[in-house]
>>> print(open('protein-v5.txt').read())   # compact mmCIF, C-alpha atoms
# COMPACT_ATOMS: atom_id res chain seq x y z
CA MET A 1 13.63 -23.56 -20.85
CA PRO A 2 12.03 -20.40 -22.28
CA LYS A 3 14.27 -18.75 -24.86
CA ASN A 4 13.88 -15.21 -23.50
CA GLN A 5 14.71 -15.96 -19.87
CA HIS A 6 16.75 -13.07 -18.47
CA ILE A 7 17.46 -10.95 -15.39
CA THR A 8 15.43 -7.78 -15.71
CA SER A 9 15.86 -4.27 -14.34
CA VAL A 10 12.11 -3.94 -13.78
CA GLY A 11 11.13 -3.11 -10.22
CA GLY A 12 8.02 -2.06 -8.39
CA GLN A 13 6.14 -1.24 -5.22
CA ALA A 14 2.94 -2.45 -3.61
CA LEU A 15 0.23 0.18 -3.23
CA ILE A 16 -3.26 0.42 -1.77
CA GLU A 17 -5.25 -1.96 -4.00
CA GLY A 18 -2.54 -1.69 -6.63
CA VAL A 19 1.03 -2.08 -7.86
CA MET A 20 3.57 0.35 -9.30
CA MET A 21 6.12 -0.86 -11.82
CA GLN A 22 9.16 0.81 -13.41
CA GLY A 23 10.53 -0.45 -16.71
CA PRO A 24 11.75 0.61 -20.16
CA LYS A 25 8.45 2.38 -20.86
CA GLY A 26 8.66 4.39 -17.63
CA MET A 27 6.65 4.27 -14.42
CA ALA A 28 3.07 3.02 -14.33
CA THR A 29 0.50 2.05 -11.73
CA ALA A 30 -2.39 -0.38 -11.91
CA VAL A 31 -5.06 0.12 -9.24
CA ARG A 32 -8.33 -1.79 -8.83
CA HIS A 33 -11.36 0.30 -7.87
CA ILE A 34 -12.99 -1.21 -4.79
CA THR A 35 -16.58 -0.72 -5.99
CA ASP A 36 -16.72 -1.48 -9.73
CA GLY A 37 -13.61 -3.72 -9.86
CA GLU A 38 -12.08 -1.86 -12.81
CA ILE A 39 -8.27 -1.89 -13.09
CA ILE A 40 -7.09 1.69 -13.66
CA THR A 41 -3.69 1.90 -15.36
CA LYS A 42 -1.84 5.21 -15.38
CA TYR A 43 1.64 6.39 -16.40
CA HIS A 44 3.53 8.74 -14.09
CA ASP A 45 6.28 11.15 -15.12
CA PHE A 46 9.51 10.31 -13.34
CA THR A 47 13.13 10.66 -14.39
CA PRO A 48 15.73 9.46 -11.85
CA LEU A 49 18.36 12.01 -10.89
CA ARG A 50 21.11 9.57 -11.83
CA THR A 51 20.00 9.78 -15.48
CA LYS A 52 19.96 13.59 -15.40
CA ASN A 53 23.34 14.12 -13.80
CA LYS A 54 26.33 11.76 -13.83
CA PHE A 55 27.25 12.81 -10.29
CA PHE A 56 24.12 11.10 -8.92
CA ASN A 57 25.09 7.87 -10.70
CA ILE A 58 28.38 7.51 -8.84
CA PRO A 59 28.43 4.31 -6.75
CA ILE A 60 27.33 4.88 -3.14
CA ILE A 61 25.86 8.31 -4.01
CA ARG A 62 23.31 6.72 -6.36
CA GLY A 63 22.15 4.47 -3.52
CA VAL A 64 21.36 7.42 -1.25
CA THR A 65 19.70 9.27 -4.13
CA ALA A 66 17.60 6.25 -5.11
CA PHE A 67 16.46 5.73 -1.51
CA ILE A 68 15.33 9.35 -1.10
CA GLU A 69 13.56 9.30 -4.47
CA SER A 70 11.81 6.03 -3.64
CA MET A 71 10.59 7.46 -0.31
CA ILE A 72 9.17 10.58 -1.98
CA ASN A 73 7.62 8.75 -4.94
CA GLY A 74 6.36 5.94 -2.72
CA TYR A 75 4.45 8.38 -0.53
CA LYS A 76 2.96 10.20 -3.54
CA LEU A 77 1.89 6.95 -5.21
CA LEU A 78 0.34 5.60 -2.03
CA MET A 79 -1.79 8.76 -1.83
CA TYR A 80 -2.69 8.40 -5.50
CA SER A 81 -3.66 4.74 -5.12
CA ALA A 82 -5.90 5.53 -2.13
CA GLU A 83 -7.75 8.03 -4.31
CA ALA A 84 -7.82 5.93 -7.51
CA SER A 85 -9.08 2.84 -5.67
CA GLY A 86 -12.00 4.78 -4.21
CA MET A 87 -10.69 4.09 -0.72
CA GLU A 88 -10.90 7.76 0.26
CA GLU A 89 -14.54 7.95 -0.90
CA PHE A 90 -15.31 4.81 1.08
CA GLU A 91 -13.67 6.25 4.18
CA ASP A 92 -15.58 9.52 3.74
CA ASP A 93 -18.85 7.57 3.83
CA GLU A 94 -17.77 6.06 7.14
CA LEU A 95 -17.05 9.44 8.76
CA SER A 96 -19.33 10.89 11.38
CA ASP A 97 -21.18 14.16 10.73
CA PHE A 98 -18.68 15.97 12.97
CA GLU A 99 -15.69 14.58 11.03
CA LYS A 100 -17.29 15.54 7.71
CA LYS A 101 -17.79 19.11 8.94
CA LEU A 102 -14.11 19.27 9.93
CA ASN A 103 -13.09 18.06 6.46
CA ASP A 104 -15.32 20.69 4.85
CA LYS A 105 -13.98 23.44 7.08
CA PHE A 106 -10.27 22.84 6.52
CA ASP A 107 -8.91 23.24 3.00
CA ASP A 108 -6.38 21.03 1.20
CA LYS A 109 -3.41 23.23 2.12
CA LEU A 110 -4.05 22.84 5.83
CA MET A 111 -4.58 19.11 5.45
CA SER A 112 -1.29 18.88 3.53
CA PHE A 113 0.41 20.76 6.37
CA VAL A 114 -1.06 18.34 8.91
CA MET A 115 0.14 15.37 6.83
CA ALA A 116 3.62 16.92 6.61
CA ILE A 117 3.74 17.27 10.39
CA GLY A 118 2.62 13.65 10.67
CA SER A 119 5.48 12.57 8.38
CA ILE A 120 8.01 14.50 10.47
CA LEU A 121 6.70 12.89 13.65
CA GLY A 122 6.90 9.51 11.91
CA PHE A 123 10.57 10.05 11.08
CA ALA A 124 11.20 11.18 14.65
CA LEU A 125 9.57 8.00 15.98
CA ALA A 126 11.61 5.86 13.58
CA PHE A 127 14.77 7.61 14.78
CA LEU A 128 13.91 6.88 18.41
CA ILE A 129 13.04 3.22 17.72
CA PHE A 130 15.86 2.25 15.34
CA PHE A 131 18.68 4.57 16.43
CA TYR A 132 18.24 5.69 20.03
CA LEU A 133 16.54 2.60 21.50
CA PRO A 134 19.30 0.09 20.47
CA VAL A 135 21.94 2.32 22.12
CA LEU A 136 19.83 2.62 25.25
CA ALA A 137 19.16 -1.12 25.32
CA PHE A 138 22.85 -1.95 24.97
CA LYS A 139 23.70 0.46 27.78
CA GLY A 140 21.34 -1.45 30.08
CA ILE A 141 22.67 -4.87 29.03
CA ASN A 142 26.28 -3.71 29.33
CA SER A 143 25.71 -2.36 32.83
CA LEU A 144 24.44 -5.79 33.88
CA ALA A 145 27.64 -7.28 32.43
CA ASP A 146 29.79 -4.77 34.36
CA GLY A 147 30.94 -3.08 31.15
CA SER A 148 32.57 -6.20 29.70
CA LEU A 149 30.59 -5.90 26.45
CA THR A 150 31.91 -2.42 25.56
CA PRO A 151 34.34 -3.68 22.85
CA LEU A 152 31.39 -5.33 21.09
CA GLN A 153 29.05 -2.35 21.37
CA GLY A 154 28.57 -1.92 17.60
CA THR A 155 27.79 -5.60 17.13
CA PHE A 156 25.31 -5.76 20.00
CA GLU A 157 23.54 -2.58 18.89
CA GLY A 158 23.22 -3.98 15.35
CA VAL A 159 21.74 -7.25 16.59
CA ILE A 160 19.28 -5.36 18.82
CA LYS A 161 18.30 -3.21 15.83
CA ILE A 162 17.60 -6.32 13.74
CA ILE A 163 15.48 -7.82 16.54
CA ILE A 164 13.48 -4.58 16.80
CA PHE A 165 13.03 -4.46 13.01
CA VAL A 166 11.79 -8.06 12.81
CA LEU A 167 9.39 -7.61 15.74
CA TYR A 168 8.12 -4.36 14.23
CA MET A 169 7.43 -6.00 10.86
CA LEU A 170 5.71 -8.96 12.55
CA LEU A 171 3.40 -6.64 14.47
CA VAL A 172 2.62 -4.47 11.44
CA SER A 173 1.92 -7.54 9.30
CA GLN A 174 -0.99 -8.47 11.57
CA MET A 175 -2.96 -5.37 10.55
CA LYS A 176 -5.77 -6.19 8.11
CA ASP A 177 -5.00 -3.39 5.62
CA ILE A 178 -1.26 -4.11 5.70
CA LYS A 179 -1.88 -7.82 5.02
CA ARG A 180 -3.67 -6.84 1.82
CA VAL A 181 -0.83 -4.52 0.77
CA PHE A 182 1.59 -7.41 1.39
CA LYS A 183 -0.49 -9.54 -1.01
CA TYR A 184 0.01 -6.90 -3.69
CA HIS A 185 3.70 -6.98 -2.78
CA GLY A 186 3.65 -10.72 -3.46
CA ALA A 187 1.86 -10.15 -6.79
CA GLU A 188 4.53 -7.62 -7.77
CA HIS A 189 7.35 -10.10 -7.11
CA LYS A 190 5.58 -13.08 -8.70
CA SER A 191 4.79 -11.10 -11.86
CA ILE A 192 8.41 -10.01 -12.25
CA CYS A 193 9.60 -13.56 -11.57
CA CYS A 194 7.26 -14.89 -14.27
CA TYR A 195 8.53 -12.28 -16.73
CA GLU A 196 12.18 -13.04 -15.92
CA LYS A 197 11.53 -16.73 -16.57
CA GLY A 198 10.33 -15.83 -20.06
CA LEU A 199 6.83 -17.18 -19.42
CA ASP A 200 3.61 -15.66 -20.69
CA LEU A 201 2.11 -13.23 -18.19
CA THR A 202 -0.99 -15.19 -17.26
CA VAL A 203 -2.56 -15.66 -13.85
CA GLU A 204 -1.73 -19.39 -13.81
CA ASN A 205 1.93 -18.82 -14.74
CA VAL A 206 2.34 -16.05 -12.18
CA LYS A 207 0.74 -18.16 -9.44
CA ASN A 208 3.43 -20.82 -9.91
CA CYS A 209 6.29 -18.31 -9.52
CA SER A 210 8.14 -17.31 -6.36
CA ARG A 211 7.06 -14.31 -4.31
CA PHE A 212 10.65 -13.81 -3.08
CA HIS A 213 13.07 -11.58 -5.03
CA PRO A 214 16.67 -10.49 -4.22
CA ARG A 215 16.12 -6.87 -5.40
CA CYS A 216 13.24 -6.25 -3.00
CA GLY A 217 13.22 -3.22 -0.72
CA THR A 218 12.94 -5.60 2.25
CA SER A 219 16.25 -7.20 1.23
CA PHE A 220 17.73 -3.70 0.89
CA MET A 221 16.67 -2.79 4.42
CA PHE A 222 18.03 -6.03 5.84
CA ALA A 223 21.29 -5.63 3.89
CA MET A 224 21.64 -2.18 5.46
CA LEU A 225 21.09 -3.60 8.94
CA ILE A 226 23.74 -6.28 8.45
CA LEU A 227 26.17 -3.81 6.92
CA SER A 228 25.58 -1.43 9.83
CA ILE A 229 26.79 -4.12 12.23
CA ILE A 230 30.06 -4.47 10.31
CA VAL A 231 30.66 -0.75 9.68
CA ILE A 232 29.69 0.49 13.15
CA THR A 233 31.60 -2.33 14.90
CA VAL A 234 34.79 -1.31 13.08
CA PHE A 235 34.08 2.41 13.55
CA SER A 236 33.40 2.01 17.27
CA TYR A 237 36.97 0.79 17.90
CA PHE A 238 38.22 4.30 17.04
CA ILE A 239 35.80 6.12 19.33
CA PRO A 240 36.82 6.85 22.94
CA PRO A 241 34.76 4.94 25.53
CA GLU A 242 33.64 8.17 27.21
CA LEU A 243 31.91 9.26 23.97
CA LYS A 244 30.22 5.90 23.46
CA SER A 245 28.95 5.94 27.03
CA ASN A 246 26.92 9.07 26.23
CA THR A 247 23.72 7.67 24.69
CA VAL A 248 22.65 10.84 22.84
CA LEU A 249 26.14 11.76 21.63
CA TRP A 250 26.95 8.26 20.39
CA THR A 251 23.62 8.13 18.54
CA LEU A 252 24.39 11.44 16.79
CA ILE A 253 27.96 10.39 15.97
CA LYS A 254 26.65 7.37 14.04
CA LEU A 255 24.18 9.36 11.92
CA PRO A 256 26.73 10.46 9.25
CA MET A 257 27.45 6.78 8.59
CA VAL A 258 23.86 6.08 7.53
CA PRO A 259 24.30 7.40 3.94
CA ILE A 260 27.48 5.32 3.54
CA ILE A 261 25.74 2.17 4.77
CA MET A 262 22.75 2.97 2.56
CA GLY A 263 24.97 3.41 -0.50
CA ILE A 264 26.85 0.15 0.09
CA GLY A 265 23.55 -1.67 0.64
CA TYR A 266 22.21 -0.38 -2.66
CA GLU A 267 25.32 -1.56 -4.52
CA PHE A 268 24.95 -5.01 -2.97
CA ILE A 269 21.30 -5.25 -4.06
CA ARG A 270 22.34 -4.28 -7.61
CA TYR A 271 25.04 -6.94 -7.53
CA ALA A 272 22.64 -9.53 -6.11
CA GLY A 273 20.21 -8.79 -8.92
CA LYS A 274 22.84 -9.68 -11.52
CA HIS A 275 24.50 -12.68 -9.86
CA ASN A 276 23.42 -15.93 -8.26
CA ASN A 277 26.65 -17.21 -6.75
CA VAL A 278 27.17 -18.72 -3.29
CA LEU A 279 28.18 -15.40 -1.70
CA VAL A 280 25.02 -13.68 -2.96
CA LYS A 281 22.83 -16.57 -1.77
CA ILE A 282 24.34 -16.41 1.73
CA LEU A 283 24.12 -12.63 2.07
CA SER A 284 20.65 -12.47 0.48
CA ALA A 285 19.19 -15.22 2.68
CA PRO A 286 18.16 -12.98 5.64
CA GLY A 287 16.41 -10.49 3.33
CA LEU A 288 14.63 -13.26 1.46
CA TRP A 289 13.55 -14.76 4.77
CA MET A 290 12.10 -11.39 5.82
CA GLN A 291 10.03 -11.39 2.65
CA ARG A 292 8.04 -14.24 4.19
CA ILE A 293 6.66 -11.49 6.43
CA THR A 294 6.43 -8.58 3.95
CA THR A 295 4.90 -10.59 1.08
CA LYS A 296 1.82 -12.80 1.09
CA GLU A 297 0.40 -15.17 -1.51
CA PRO A 298 -2.04 -13.13 -3.64
CA GLU A 299 -5.47 -14.15 -4.95
CA ASP A 300 -6.17 -14.19 -8.70
CA ASP A 301 -7.71 -10.72 -8.77
CA ILE A 302 -4.63 -9.25 -7.09
CA ILE A 303 -2.34 -11.09 -9.53
CA GLU A 304 -4.29 -9.53 -12.40
CA VAL A 305 -3.37 -6.09 -11.08
CA GLY A 306 0.32 -7.04 -10.85
CA ILE A 307 0.26 -8.31 -14.44
CA ALA A 308 -1.48 -5.14 -15.68
CA SER A 309 1.14 -2.89 -14.06
CA LEU A 310 4.02 -4.95 -15.46
CA LYS A 311 2.63 -5.11 -19.00
CA ALA A 312 2.34 -1.33 -18.99
CA VAL A 313 6.11 -0.80 -18.63
CA ILE A 314 7.74 -3.61 -20.66
CA THR A 315 8.39 -3.97 -24.38
CA ASP A 316 8.49 -6.99 -26.67
CA ASN A 317 12.30 -6.91 -26.65
CA PRO A 318 13.85 -8.37 -23.45
CA GLU A 319 17.10 -6.49 -24.19
CA ASP A 320 15.34 -3.20 -23.45
CA ASP A 321 15.31 -3.93 -19.72
CA ARG A 322 18.15 -6.37 -19.23
CA ILE A 323 19.89 -5.36 -16.02
CA LYS A 324 23.29 -3.73 -16.51
>>> encode(input="protein-v5.txt", output="structure tokens")
Amino acid sequence: MPKNQHITSVGGQALIEGVMMQGPKGMATAVRHITDGEIITKYHDFTPLRTKNKFFNIPIIRGVTAFIESMINGYKLLMYSAEASGMEEFEDDELSDFEKKLNDKFDDKLMSFVMAIGSILGFALAFLIFFYLPVLAFKGINSLADGSLTPLQGTFEGVIKIIIFVLYMLLVSQMKDIKRVFKYHGAEHKSICCYEKGLDLTVENVKNCSRFHPRCGTSFMFAMLILSIIVITVFSYFIPPELKSNTVLWTLIKLPMVPIIMGIGYEFIRYAGKHNNVLVKILSAPGLWMQRITTKEPEDDIIEVGIASLKAVITDNPEDDRIK
């Protein structure tokens, strides 16, 4: 067994033709340019709020903070990777003359505004799919059962939400560009796994490592879904039936619970990253299963990018990033 085998705090994110990693040396990205094949490694300034202010490191609160930060940084890094990989230049070449004239006419500020509106619409769509639709679906099922399922409303809504989430991920995973991103996701996990095993970061060693990891964002999302079933089921017992029968009102009532569920989910992922007992294995199993959809086995050139991003953020001393 390698002498320096340990559980690391290093984490990352798959990008467009690249991987982001966070470690003791900070945050770095490695992106392969689609034309010349060069791997471009770059450090990015980022200091988590929980290290700046103790309040944001309080359990539960740090989970909400980390989620918001990851969403903001994730979006910025995806935009960076599209540019660094040359993907935007490639797409510009594919544009029609009319589309090129539109791009020339509108400046960056207007395009940023359009992208912001697109993000807002995206959140609105996610709200409708993952919050409103499960309530509406349960209402239809419950009416067919003559209202007999009302005591189990929270449980049924949670199960419906999981089904929607799984189907959504299955559909998205069929897209060509997303499949490639999922390969980089696999390279991210396999590189970290290789490092945690204390093996040399070579393509052959990384290839033989698992692409499934308990601290993955997919596991976090699935942990939140499972926790939402428990929390909302208990909470629903204290809500009058007339309020729960109102689809819009019941959806809005549950919204304040999202940060609590998010915070608990984050604490579980932290715990799962440090322990490997039976309880963790059972609770982590659904998230690890979902990673069969959100990660794919990467080719050698993709693994090279994962290795480059990881090497950029680690030191020679394993104690520098041992998870606490």
>>> closest_residue(input="protein-v5.txt", among="A:Met87, A:Ile160, A:Ile253, A:Cys193", to="A:Ile34", atoms="only C-alpha atoms")
A:Met87
>>> closest_residue(input="protein-v5.txt", among="A:Thr315, A:Gln291, A:Ser9, A:Thr65", to="A:Cys216", atoms="only C-alpha atoms")
A:Gln291
>>> closest_atom_pairs(input="protein-v5.txt", of="stretch 107-202 of chain A", to="stretch 226-248 of chain A", cutoff="6 Å", atoms="all atoms listed in the file", output="Markdown table")
| residue | atom | partner | partner_atom | distance |
| --- | --- | --- | --- | --- |
| A:Gly154 | CA | A:Thr233 | CA | 4.1 |
| A:Thr155 | CA | A:Ile229 | CA | 5.2 |
| A:Gly158 | CA | A:Ile229 | CA | 4.7 |
>>> closest_residue(input="protein-v5.txt", among="A:Gly86, A:Gly26, A:Pro286, A:Pro298", to="A:Glu204", atoms="all atoms listed in the file")
A:Pro298
>>> closest_residue(input="protein-v5.txt", among="A:Gly37, A:Ala14, A:Gly287, A:Ile264", to="A:Gly74", atoms="all atoms listed in the file")
A:Ala14
>>> closest_residue(input="protein-v5.txt", among="A:Gly12, A:Gly63, A:Gly198, A:Gly217", to="A:Thr29", atoms="only C-alpha atoms")
A:Gly12
>>> closest_residue(input="protein-v5.txt", among="A:Leu225, A:Val10, A:Leu201, A:Ile260", to="A:Ile303", atoms="only C-alpha atoms")
A:Leu201
>>> residues_near_point(input="protein-v5.txt", point="(-3.9, -0.6, -1.8)", cutoff="12 Å", atoms="all atoms listed in the file", output="ChimeraX atom specification")
/A:13-20,29-34,77-88,176-185,302,305-306
>>> write_last_selection(input="protein-v5.txt", atoms="C-alpha atoms", output="PDB file, keeping the file's coordinate frame")
ATOM      1  CA  GLN A  13       6.140  -1.240  -5.220  1.00  0.00           C
ATOM      2  CA  ALA A  14       2.940  -2.450  -3.610  1.00  0.00           C
ATOM      3  CA  LEU A  15       0.230   0.180  -3.230  1.00  0.00           C
ATOM      4  CA  ILE A  16      -3.260   0.420  -1.770  1.00  0.00           C
ATOM      5  CA  GLU A  17      -5.250  -1.960  -4.000  1.00  0.00           C
ATOM      6  CA  GLY A  18      -2.540  -1.690  -6.630  1.00  0.00           C
ATOM      7  CA  VAL A  19       1.030  -2.080  -7.860  1.00  0.00           C
ATOM      8  CA  MET A  20       3.570   0.350  -9.300  1.00  0.00           C
ATOM      9  CA  THR A  29       0.500   2.050 -11.730  1.00  0.00           C
ATOM     10  CA  ALA A  30      -2.390  -0.380 -11.910  1.00  0.00           C
ATOM     11  CA  VAL A  31      -5.060   0.120  -9.240  1.00  0.00           C
ATOM     12  CA  ARG A  32      -8.330  -1.790  -8.830  1.00  0.00           C
ATOM     13  CA  HIS A  33     -11.360   0.300  -7.870  1.00  0.00           C
ATOM     14  CA  ILE A  34     -12.990  -1.210  -4.790  1.00  0.00           C
ATOM     15  CA  LEU A  77       1.890   6.950  -5.210  1.00  0.00           C
ATOM     16  CA  LEU A  78       0.340   5.600  -2.030  1.00  0.00           C
ATOM     17  CA  MET A  79      -1.790   8.760  -1.830  1.00  0.00           C
ATOM     18  CA  TYR A  80      -2.690   8.400  -5.500  1.00  0.00           C
ATOM     19  CA  SER A  81      -3.660   4.740  -5.120  1.00  0.00           C
ATOM     20  CA  ALA A  82      -5.900   5.530  -2.130  1.00  0.00           C
ATOM     21  CA  GLU A  83      -7.750   8.030  -4.310  1.00  0.00           C
ATOM     22  CA  ALA A  84      -7.820   5.930  -7.510  1.00  0.00           C
ATOM     23  CA  SER A  85      -9.080   2.840  -5.670  1.00  0.00           C
ATOM     24  CA  GLY A  86     -12.000   4.780  -4.210  1.00  0.00           C
ATOM     25  CA  MET A  87     -10.690   4.090  -0.720  1.00  0.00           C
ATOM     26  CA  GLU A  88     -10.900   7.760   0.260  1.00  0.00           C
ATOM     27  CA  LYS A 176      -5.770  -6.190   8.110  1.00  0.00           C
ATOM     28  CA  ASP A 177      -5.000  -3.390   5.620  1.00  0.00           C
ATOM     29  CA  ILE A 178      -1.260  -4.110   5.700  1.00  0.00           C
ATOM     30  CA  LYS A 179      -1.880  -7.820   5.020  1.00  0.00           C
ATOM     31  CA  ARG A 180      -3.670  -6.840   1.820  1.00  0.00           C
ATOM     32  CA  VAL A 181      -0.830  -4.520   0.770  1.00  0.00           C
ATOM     33  CA  PHE A 182       1.590  -7.410   1.390  1.00  0.00           C
ATOM     34  CA  LYS A 183      -0.490  -9.540  -1.010  1.00  0.00           C
ATOM     35  CA  TYR A 184       0.010  -6.900  -3.690  1.00  0.00           C
ATOM     36  CA  HIS A 185       3.700  -6.980  -2.780  1.00  0.00           C
ATOM     37  CA  ILE A 302      -4.630  -9.250  -7.090  1.00  0.00           C
ATOM     38  CA  VAL A 305      -3.370  -6.090 -11.080  1.00  0.00           C
ATOM     39  CA  GLY A 306       0.320  -7.040 -10.850  1.00  0.00           C
TER      40      GLY A 306
END
>>> residues_near_point(input="protein-v5.txt", point="(1.5, -13.4, -13.0)", cutoff="8 Å", atoms="only C-alpha atoms", output="number ranges by chain")
A: 187, 190-192, 194, 201-207, 209, 303-304, 306-307
>>> residues_around(input="protein-v5.txt", residues="A:Phe220", least_positions_apart="3", cutoff="12 Å", atoms="all atoms listed in the file", output="JSON list (two decimals) with C-alpha atoms, in the frame of the given file")
[["chain", "number", "residue", "atom", "x", "y", "z"],
["A", 63, "GLY", "CA", 22.15, 4.47, -3.52],
["A", 64, "VAL", "CA", 21.36, 7.42, -1.25],
["A", 66, "ALA", "CA", 17.60, 6.25, -5.11],
["A", 67, "PHE", "CA", 16.46, 5.73, -1.51],
["A", 213, "HIS", "CA", 13.07, -11.58, -5.03],
["A", 214, "PRO", "CA", 16.67, -10.49, -4.22],
["A", 215, "ARG", "CA", 16.12, -6.87, -5.40],
["A", 216, "CYS", "CA", 13.24, -6.25, -3.00],
["A", 217, "GLY", "CA", 13.22, -3.22, -0.72],
["A", 223, "ALA", "CA", 21.29, -5.63, 3.89],
["A", 224, "MET", "CA", 21.64, -2.18, 5.46],
["A", 225, "LEU", "CA", 21.09, -3.60, 8.94],
["A", 226, "ILE", "CA", 23.74, -6.28, 8.45],
["A", 227, "LEU", "CA", 26.17, -3.81, 6.92],
["A", 261, "ILE", "CA", 25.74, 2.17, 4.77],
["A", 262, "MET", "CA", 22.75, 2.97, 2.56],
["A", 263, "GLY", "CA", 24.97, 3.41, -0.50],
["A", 264, "ILE", "CA", 26.85, 0.15, 0.09],
["A", 265, "GLY", "CA", 23.55, -1.67, 0.64],
["A", 266, "TYR", "CA", 22.21, -0.38, -2.66],
["A", 267, "GLU", "CA", 25.32, -1.56, -4.52],
["A", 268, "PHE", "CA", 24.95, -5.01, -2.97],
["A", 269, "ILE", "CA", 21.30, -5.25, -4.06],
["A", 270, "ARG", "CA", 22.34, -4.28, -7.61],
["A", 271, "TYR", "CA", 25.04, -6.94, -7.53],
["A", 272, "ALA", "CA", 22.64, -9.53, -6.11],
["A", 273, "GLY", "CA", 20.21, -8.79, -8.92],
["A", 283, "LEU", "CA", 24.12, -12.63, 2.07],
["A", 284, "SER", "CA", 20.65, -12.47, 0.48],
["A", 285, "ALA", "CA", 19.19, -15.22, 2.68],
["A", 286, "PRO", "CA", 18.16, -12.98, 5.64],
["A", 287, "GLY", "CA", 16.41, -10.49, 3.33],
["A", 288, "LEU", "CA", 14.63, -13.26, 1.46],
["A", 290, "MET", "CA", 12.10, -11.39, 5.82],
["A", 291, "GLN", "CA", 10.03, -11.39, 2.65]]
